[in-house]
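Colleague: query.cif is reproduced below (mmCIF, C-alpha atoms).
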```cif
data_run
#
loop_
_atom_site.label_atom_id
_atom_site.label_comp_id
_atom_site.auth_asym_id
_atom_site.auth_seq_id
_atom_site.Cartn_x
_atom_site.Cartn_y
_atom_site.Cartn_z
CA MET A 1 -24.33 76.91 -72.31
CA LYS A 2 -24.86 73.59 -70.45
CA ALA A 3 -22.38 70.83 -70.76
CA GLU A 4 -23.88 67.68 -72.29
CA GLY A 5 -23.85 64.76 -69.86
CA ASN A 6 -23.20 60.99 -70.44
CA ARG A 7 -26.29 59.71 -72.17
CA GLY A 8 -25.64 56.18 -70.93
CA GLY A 9 -25.69 57.31 -67.32
CA PRO A 10 -23.46 55.89 -64.60
CA GLY A 11 -24.75 52.26 -64.98
CA LYS A 12 -23.13 49.38 -66.84
CA HIS A 13 -23.95 48.57 -70.41
CA PRO A 14 -26.77 45.96 -70.66
CA SER A 15 -24.63 43.59 -72.72
CA ARG A 16 -21.95 43.55 -70.00
CA ILE A 17 -24.56 42.76 -67.37
CA ALA A 18 -25.86 39.86 -69.46
CA THR A 19 -22.32 38.51 -69.98
CA ALA A 20 -21.60 38.61 -66.24
CA ALA A 21 -24.87 36.79 -65.54
CA VAL A 22 -23.95 34.07 -68.04
CA LYS A 23 -20.53 33.66 -66.43
CA ARG A 24 -22.08 33.38 -62.97
CA GLY A 25 -24.54 30.82 -64.30
CA ARG A 26 -21.75 28.76 -65.84
CA LEU A 27 -19.72 28.94 -62.62
CA TRP A 28 -22.69 27.79 -60.57
CA THR A 29 -23.35 24.93 -63.02
CA GLU A 30 -19.68 23.89 -62.72
CA ILE A 31 -19.84 23.94 -58.92
CA VAL A 32 -23.04 21.88 -58.86
CA SER A 33 -21.55 19.37 -61.32
CA TRP A 34 -18.47 18.90 -59.15
CA LEU A 35 -20.63 18.55 -56.04
CA TRP A 36 -22.57 15.78 -57.80
CA VAL A 37 -19.32 14.06 -58.76
CA ILE A 38 -17.97 14.27 -55.22
CA GLY A 39 -21.28 13.14 -53.76
CA ALA A 40 -21.50 10.18 -56.14
CA PHE A 41 -17.92 9.19 -55.30
CA ILE A 42 -18.62 9.28 -51.56
CA LEU A 43 -21.83 7.27 -52.04
CA ILE A 44 -20.28 4.62 -54.29
CA GLU A 45 -16.89 4.31 -52.59
CA GLY A 46 -18.33 4.65 -49.10
CA GLY A 47 -21.31 2.33 -49.31
CA VAL A 48 -21.61 0.52 -52.65
CA ALA A 49 -18.33 -0.77 -54.07
CA GLN A 50 -14.56 -0.39 -54.00
CA ALA A 51 -11.78 -1.46 -56.34
CA ARG A 52 -8.97 -3.46 -54.74
CA VAL A 53 -5.82 -5.21 -55.96
CA ILE A 54 -4.53 -8.46 -54.43
CA PRO A 55 -0.89 -8.06 -53.24
CA SER A 56 -0.18 -11.50 -51.76
CA GLY A 57 -0.67 -15.20 -52.39
CA SER A 58 -2.56 -16.09 -49.22
CA MET A 59 -5.75 -16.83 -51.18
CA GLU A 60 -4.22 -18.81 -54.02
CA ASN A 61 -5.51 -20.41 -56.13
CA THR A 62 -8.89 -18.76 -55.63
CA VAL A 63 -7.51 -15.22 -55.89
CA LEU A 64 -4.10 -14.60 -57.42
CA ILE A 65 -1.47 -11.92 -56.92
CA GLY A 66 -2.31 -9.11 -59.33
CA ASP A 67 -6.05 -9.83 -59.46
CA HIS A 68 -8.05 -6.58 -59.40
CA VAL A 69 -11.44 -7.06 -57.78
CA ILE A 70 -14.59 -5.04 -57.23
CA VAL A 71 -15.61 -5.35 -53.59
CA SER A 72 -19.30 -4.99 -52.80
CA ARG A 73 -20.01 -3.12 -49.56
CA LEU A 74 -23.78 -3.20 -50.01
CA GLY A 75 -25.36 -4.06 -46.69
CA TYR A 76 -22.05 -4.78 -44.95
CA ASP A 77 -20.43 -1.43 -44.26
CA ALA A 78 -20.70 2.27 -45.06
CA GLY A 79 -18.21 5.03 -44.41
CA ILE A 80 -16.56 8.21 -45.56
CA PRO A 81 -13.71 7.48 -48.04
CA PHE A 82 -10.13 8.09 -46.83
CA THR A 83 -11.26 8.44 -43.21
CA LYS A 84 -11.70 6.06 -40.28
CA TYR A 85 -15.39 6.88 -40.00
CA HIS A 86 -17.65 3.98 -40.95
CA MET A 87 -20.54 1.94 -39.60
CA PRO A 88 -21.50 -1.74 -39.97
CA LEU A 89 -24.80 -2.46 -41.71
CA TRP A 90 -27.31 -5.32 -41.60
CA ARG A 91 -25.70 -8.10 -43.68
CA GLU A 92 -23.53 -10.72 -41.98
CA PRO A 93 -20.68 -12.78 -43.50
CA ARG A 94 -21.55 -16.39 -44.26
CA ARG A 95 -19.50 -19.53 -43.85
CA GLN A 96 -17.19 -20.19 -46.83
CA GLN A 97 -17.72 -16.65 -48.13
CA ILE A 98 -14.68 -14.64 -49.20
CA VAL A 99 -14.58 -11.45 -47.15
CA VAL A 100 -12.59 -8.19 -47.15
CA PHE A 101 -12.02 -6.77 -43.68
CA ARG A 102 -9.81 -4.61 -41.50
CA ALA A 103 -7.41 -6.99 -39.78
CA PRO A 104 -7.11 -6.54 -35.99
CA LEU A 105 -3.43 -5.64 -36.34
CA ALA A 106 -3.03 -2.28 -34.65
CA ASP A 107 0.75 -2.04 -35.07
CA GLN A 108 0.29 -2.41 -38.86
CA GLY A 109 -2.44 0.22 -39.08
CA PHE A 110 -5.34 -2.25 -39.35
CA PRO A 111 -4.60 -3.30 -42.97
CA ASP A 112 -7.39 -4.51 -45.25
CA LEU A 113 -7.14 -8.26 -45.88
CA ILE A 114 -9.06 -10.76 -47.97
CA LYS A 115 -9.71 -14.24 -46.53
CA ARG A 116 -12.38 -16.92 -46.39
CA CYS A 117 -14.87 -16.92 -43.54
CA ILE A 118 -14.52 -20.31 -41.85
CA GLY A 119 -16.53 -19.76 -38.68
CA VAL A 120 -19.38 -17.48 -37.60
CA PRO A 121 -20.48 -16.69 -34.02
CA GLY A 122 -21.11 -19.85 -32.01
CA ASP A 123 -19.28 -22.21 -34.39
CA ARG A 124 -16.87 -24.86 -33.05
CA ILE A 125 -13.69 -25.18 -35.14
CA LYS A 126 -10.76 -27.55 -35.17
CA ILE A 127 -8.17 -28.48 -37.77
CA VAL A 128 -6.68 -31.98 -37.83
CA ALA A 129 -3.86 -32.75 -40.26
CA GLY A 130 -5.06 -29.86 -42.43
CA ARG A 131 -8.69 -30.98 -42.44
CA VAL A 132 -11.15 -28.39 -41.12
CA TYR A 133 -13.96 -29.59 -38.85
CA LEU A 134 -16.89 -27.30 -38.19
CA ASN A 135 -19.36 -28.16 -35.43
CA GLY A 136 -18.12 -31.73 -35.43
CA ALA A 137 -18.25 -32.38 -39.19
CA ALA A 138 -15.48 -32.18 -41.79
CA ILE A 139 -16.29 -29.38 -44.24
CA ASP A 140 -16.16 -29.60 -48.01
CA ASP A 141 -12.96 -27.64 -48.63
CA PRO A 142 -11.98 -28.03 -52.33
CA HIS A 143 -10.40 -24.57 -52.58
CA ALA A 144 -7.83 -25.21 -49.81
CA LEU A 145 -4.20 -25.41 -50.97
CA HIS A 146 -1.76 -27.40 -48.80
CA ARG A 147 1.99 -27.79 -48.99
CA ALA A 148 3.25 -31.38 -49.18
CA GLY A 149 4.34 -32.66 -45.79
CA ALA A 150 2.65 -29.84 -43.85
CA GLU A 151 -0.03 -31.98 -42.22
CA ASN A 152 1.94 -32.28 -38.97
CA LEU A 153 2.65 -28.55 -38.56
CA PRO A 154 0.96 -26.82 -35.59
CA TRP A 155 -1.17 -24.46 -37.73
CA GLU A 156 -2.53 -27.53 -39.55
CA ASN A 157 -3.49 -29.05 -36.18
CA PHE A 158 -5.32 -26.21 -34.53
CA PRO A 159 -6.10 -25.34 -31.77
CA GLU A 160 -4.67 -28.56 -30.30
CA HIS A 161 -1.11 -27.47 -31.06
CA GLY A 162 -1.77 -23.76 -30.81
CA SER A 163 0.64 -23.49 -27.89
CA GLU A 164 3.48 -24.26 -30.31
CA LEU A 165 2.71 -21.20 -32.42
CA ARG A 166 4.17 -17.72 -31.96
CA PHE A 167 1.97 -14.64 -32.14
CA PRO A 168 4.30 -11.66 -32.77
CA ASP A 169 1.54 -9.49 -34.28
CA VAL A 170 -0.98 -9.96 -31.45
CA PRO A 171 0.77 -11.47 -28.38
CA GLU A 172 -2.45 -11.50 -26.36
CA TRP A 173 -3.99 -13.94 -28.85
CA GLY A 174 -2.21 -16.80 -27.03
CA ALA A 175 -4.29 -16.24 -23.88
CA GLU A 176 -7.47 -15.63 -25.90
CA LEU A 177 -6.92 -18.88 -27.78
CA VAL A 178 -6.82 -20.84 -24.54
CA LYS A 179 -9.85 -18.96 -23.21
CA HIS A 180 -12.01 -19.83 -26.23
CA THR A 181 -10.89 -23.47 -26.62
CA VAL A 182 -13.27 -26.09 -25.22
CA ASN A 183 -12.69 -29.84 -25.58
CA GLY A 184 -10.12 -29.28 -28.32
CA GLU A 185 -12.37 -26.99 -30.36
CA LEU A 186 -12.15 -23.22 -30.82
CA ILE A 187 -15.48 -21.51 -30.08
CA VAL A 188 -16.15 -18.35 -32.09
CA PRO A 189 -17.53 -15.71 -29.69
CA ALA A 190 -20.55 -13.52 -30.39
CA GLY A 191 -19.93 -10.66 -32.80
CA ASN A 192 -16.77 -12.22 -34.24
CA TYR A 193 -15.62 -14.34 -37.19
CA PHE A 194 -12.78 -16.78 -37.86
CA MET A 195 -10.95 -16.18 -41.16
CA MET A 196 -8.41 -18.29 -43.06
CA GLY A 197 -6.59 -17.97 -46.38
CA ASP A 198 -7.12 -20.70 -48.98
CA ASN A 199 -3.34 -21.07 -49.26
CA ARG A 200 -3.32 -22.63 -45.81
CA ASP A 201 0.45 -22.88 -45.34
CA ASN A 202 1.15 -19.37 -46.61
CA SER A 203 -1.51 -17.27 -44.93
CA ASN A 204 -1.34 -14.89 -41.97
CA ASP A 205 -4.89 -15.30 -40.68
CA SER A 206 -7.07 -15.87 -37.63
CA ARG A 207 -4.92 -18.79 -36.51
CA PHE A 208 -2.12 -16.31 -35.80
CA TRP A 209 -3.89 -13.14 -34.63
CA GLY A 210 -7.42 -14.04 -33.62
CA PHE A 211 -11.01 -13.30 -34.44
CA VAL A 212 -12.32 -10.52 -36.70
CA PRO A 213 -14.95 -8.29 -35.02
CA ARG A 214 -18.13 -7.66 -37.00
CA GLU A 215 -17.41 -3.91 -37.16
CA ASN A 216 -14.21 -4.68 -39.12
CA ILE A 217 -16.06 -6.29 -42.03
CA ILE A 218 -15.92 -4.18 -45.23
CA GLY A 219 -17.60 -6.37 -47.82
CA THR A 220 -17.21 -9.26 -50.19
CA PRO A 221 -15.54 -9.42 -53.64
CA ALA A 222 -18.03 -9.45 -56.50
CA PHE A 223 -15.86 -10.10 -59.56
CA ILE A 224 -12.38 -9.75 -61.05
CA TYR A 225 -12.21 -6.85 -63.50
CA MET A 226 -8.48 -7.11 -64.29
CA SER A 227 -5.67 -9.57 -63.61
CA ILE A 228 -2.02 -8.83 -64.38
CA ASP A 229 0.82 -11.31 -63.99
CA ALA A 230 3.48 -9.29 -62.16
CA PRO A 231 5.75 -9.84 -59.11
CA GLU A 232 4.21 -9.62 -55.65
CA ALA A 233 6.21 -6.54 -54.62
CA VAL A 234 4.66 -4.49 -57.47
CA TRP A 235 1.28 -4.47 -55.72
CA GLU A 236 2.47 -3.37 -52.29
CA PRO A 237 1.15 0.11 -51.33
CA GLU A 238 4.59 1.73 -51.24
CA HIS A 239 5.48 0.67 -54.81
CA ILE A 240 3.22 3.04 -56.75
CA GLY A 241 5.81 3.65 -59.48
CA ASP A 242 6.29 -0.08 -60.05
CA ARG A 243 2.53 -0.52 -60.20
CA PHE A 244 2.13 2.05 -62.98
CA ALA A 245 5.04 0.41 -64.79
CA ALA A 246 3.18 -2.91 -64.59
CA TYR A 247 0.06 -1.31 -66.08
CA PHE A 248 2.09 0.22 -68.91
CA ASN A 249 3.83 -3.09 -69.53
CA ALA A 250 0.44 -4.83 -69.75
CA LEU A 251 -0.66 -2.30 -72.38
CA ILE A 252 2.28 -3.03 -74.65
CA HIS A 253 2.44 -6.75 -73.75
CA PRO A 254 -1.19 -7.93 -73.53
CA ASN A 255 -0.04 -11.47 -72.80
CA GLU A 256 0.76 -10.24 -69.26
CA ILE A 257 -2.99 -9.96 -68.68
CA ARG A 258 -4.68 -13.14 -67.45
CA TRP A 259 -7.61 -12.82 -69.83
CA ASN A 260 -9.24 -16.06 -68.64
CA ARG A 261 -9.72 -14.58 -65.16
CA LEU A 262 -11.58 -11.44 -66.19
CA PHE A 263 -15.13 -11.12 -64.85
CA ARG A 264 -14.91 -14.23 -62.69
CA THR A 265 -17.37 -14.05 -59.83
CA PHE A 266 -17.21 -15.45 -56.30
CA GLU A 267 -19.51 -17.82 -54.44
CA THR A 268 -21.75 -16.31 -51.77
CA GLY A 269 -21.00 -18.83 -49.00
CA SER A 270 -23.14 -21.27 -47.06
CA THR A 271 -25.46 -21.06 -44.07
CA ARG A 272 -24.84 -24.69 -43.10
CA GLY A 273 -22.96 -25.40 -39.89
CA GLY A 274 -20.83 -28.15 -41.36
CA GLY A 275 -20.68 -30.46 -44.33
CA ALA A 276 -19.57 -33.97 -45.00
CA SER A 277 -17.16 -34.52 -47.85
#
```
Would you encode the structure as structure tokens?
Modeller:
Amino acid sequence: MKAEGNRGGPGKHPSRIATAAVKRGRLWTEIVSWLWVIGAFILIEGGVAQARVIPSGSMENTVLIGDHVIVSRLGYDAGIPFTKYHMPLWREPRRQQIVVFRAPLADQGFPDLIKRCIGVPGDRIKIVAGRVYLNGAAIDDPHALHRAGAENLPWENFPEHGSELRFPDVPEWGAELVKHTVNGELIVPAGNYFMMGDNRDNSNDSRFWGFVPRENIIGTPAFIYMSIDAPEAVWEPEHIGDRFAAYFNALIHPNEIRWNRLFRTFETGSTRGGGAS
């Protein structure tokens, strides 16, 4: 008598094969979905827009501490997020435009700053008693904020009294300042820009550390999407816990949100070389 063998044979049951195929299909769909998410993040964050929070008062009253802005990188810069790899694109900053850039402060890790572009390559700049002159003409400067009695300070009379300033962040700026000063005016060299904060007496800017190279330009703020009234220290990078506490506080105390600032946009700047006021 012959022993009866396994009628199903050594292979797997068809239903099990189908289930495995479905699982593989779902896994592949999940992988592709995550690749799309990662790719979209790299594209948007690296070349389209970034979200930033303002940690200091150097641009008051144009931009306030606690303002959250969307920065447009379109045409200015593209890079890989969270790395140093980036490349400048075709658009150039314009005079009076607010710009986000990597400050030429190597000992501080090249921090991202937000300032106003005062001078573009070839411009002649001087400041007299707080008044900015560009290519021989006083500019229209309604956004500038000055402290009472500061008109005689050396940074408000620049570069004439630049020798009275100290440059602890970039010591070599003292020699560069002399090199680029002609007939009492600072000449912006090719491929560089001169930046200043609107809060002129409370801004660490080009007067103290020099020009901003074109390759350091990141983009320009497009609009404010959130603004929370909280202490300056909350928004410093090392105070992540305090920052989340500020967000939670704004949720339960909506009056901490500056509602009148939401969705404010920023001017695009001017191509003119000067302007009477």
Colleague: Padding 8 Å on each side, edges along x, y and z: where is the centre of the box around the listed atoms of region 58-76 of chain A, and how long are its edges in Å to one decimal? Output it as lines of an AutoDock Vina configuration file.
Modeller:
```
center_x = -13.4
center_y = -11.8
center_z = -52.2
size_x = 39.9
size_y = 33.3
size_z = 30.5
```
Colleague: So which residues get picked by the PyMOL selection byres ((chain A and resi 126-133) around 6) here, written as a list of chain:residue names?
Modeller: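 So the PyMOL selection byres ((chain A and resi 126-133) around 6) ends up selecting A:Ile125, A:Leu134, A:Gly136, A:Ala137, A:Ala138, A:Ile139, A:Glu151, A:Asn152, A:Glu156, A:Asn157, A:Phe158, A:Glu185.
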Colleague: Kindly give the distance, in Å, that separates CA of Ser72 (chain A) and CA of Gln50 (chain A), rounded to a single decimal.
Modeller: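 Calculated distance between CA of Ser72 (chain A) and CA of Gln50 (chain A) is 6.7 Å.
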Colleague: Hey, which of A:Pro88, A:Gly66, A:Pro121, A:Gly210 ends up closest to Asp169 (chain A)? Count only C-alpha atoms.
Modeller: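 The shortest atom-to-atom distance to Asp169 (chain A) comes from A:Gly210.
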Colleague: Would you mind listing what lies within 8 Å of Trp155 (chain A) as number ranges by chain, with all atoms listed in the file counted and same-chain residues fewer than 3 positions away left out?
Modeller: A: 158-159, 161-162, 165, 201, 207
Colleague: Go through A:Arg102, A:Lys179, A:Arg166, A:Lys115 one by one, measure the shortest atom-to-atom distance of each to Met196 (chain A) using all atoms listed in the file, and give the residue with the smallest value.
Modeller: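 Nearest to Met196 (chain A): A:Lys115.
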Colleague: So which residues are close to (-19.6, -4.3, -38.0), meaning at most 8 Å away in the file's coordinates with only C-alpha atoms counted, and can you show them as a list of chain:residue names?
Modeller: A:Tyr76, A:Asp77, A:Met87, A:Pro88, A:Leu89, A:Pro213, A:Arg214, A:Glu215, A:Asn216, A:Ile217
Colleague: Write out as a PyMOL selection string the residues lying within 10 Å of Asp242 (chain A), counting only C-alpha atoms and excluding same-chain residues fewer than 5 positions away.
Modeller: chain A and resi 230-231+233-236+247-248
Colleague: Selection in question (the file shown): the PyMOL selection byres ((chain A and resi 68) around 9). Which residues does it include, as JSON, numbers by chain?
Modeller: {"A": [51, 52, 53, 54, 65, 66, 67, 69, 70, 223, 224, 225, 226, 227, 228]}
Colleague: When you draw a straight line from CA of Arg73 (chain A) to CA of Pro55 (chain A), how long is it in Å?
Modeller: 20.1 Å
Colleague: From the options A:Val120, A:Ile114, A:Val63, A:Leu74, which residue's atoms come nearest to Asn204 (chain A), counting only C-alpha atoms?
Modeller: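 Using only C-alpha atoms, the shortest distance to Asn204 (chain A) belongs to A:Ile114.
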Colleague: By how many Å are CA of Ile240 (chain A) and CA of Thr62 (chain A) apart?
Modeller: 25.0 Å
Colleague: Which of these residues is nearest to Phe110 (chain A), using only C-alpha atoms: A:Trp90, A:Phe194, A:Phe266, A:Trp209?
Modeller: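 Checking each of A:Trp90, A:Phe194, A:Phe266, A:Trp209 against Phe110 (chain A), counting only C-alpha atoms, the winner is A:Trp209.
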Colleague: Measuring atom to atom with only C-alpha atoms, identify which of A:Asp123, A:Glu172, A:Asp229, A:Glu60 is nearest to Arg258 (chain A).
Modeller: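 Of A:Asp123, A:Glu172, A:Asp229, A:Glu60, the one nearest Arg258 (chain A) is A:Asp229, counting only C-alpha atoms.
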Colleague: Choose the residue, out of A:Gly75, A:Asn183, A:Asp141, A:Ser58, that has the smallest atom-to-atom separation from Gly197 (chain A); count all atoms listed in the file.
Modeller: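 The shortest atom-to-atom distance to Gly197 (chain A) comes from A:Ser58.
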Colleague: Tell me which protein, DNA and RNA residues are within 6 Å of Thr220 (chain A), counting all atoms listed in the file, leaving out same-chain ones fewer than 5 positions away, and put them as a PyMOL selection string.
Modeller: chain A and resi 71-72+99-100
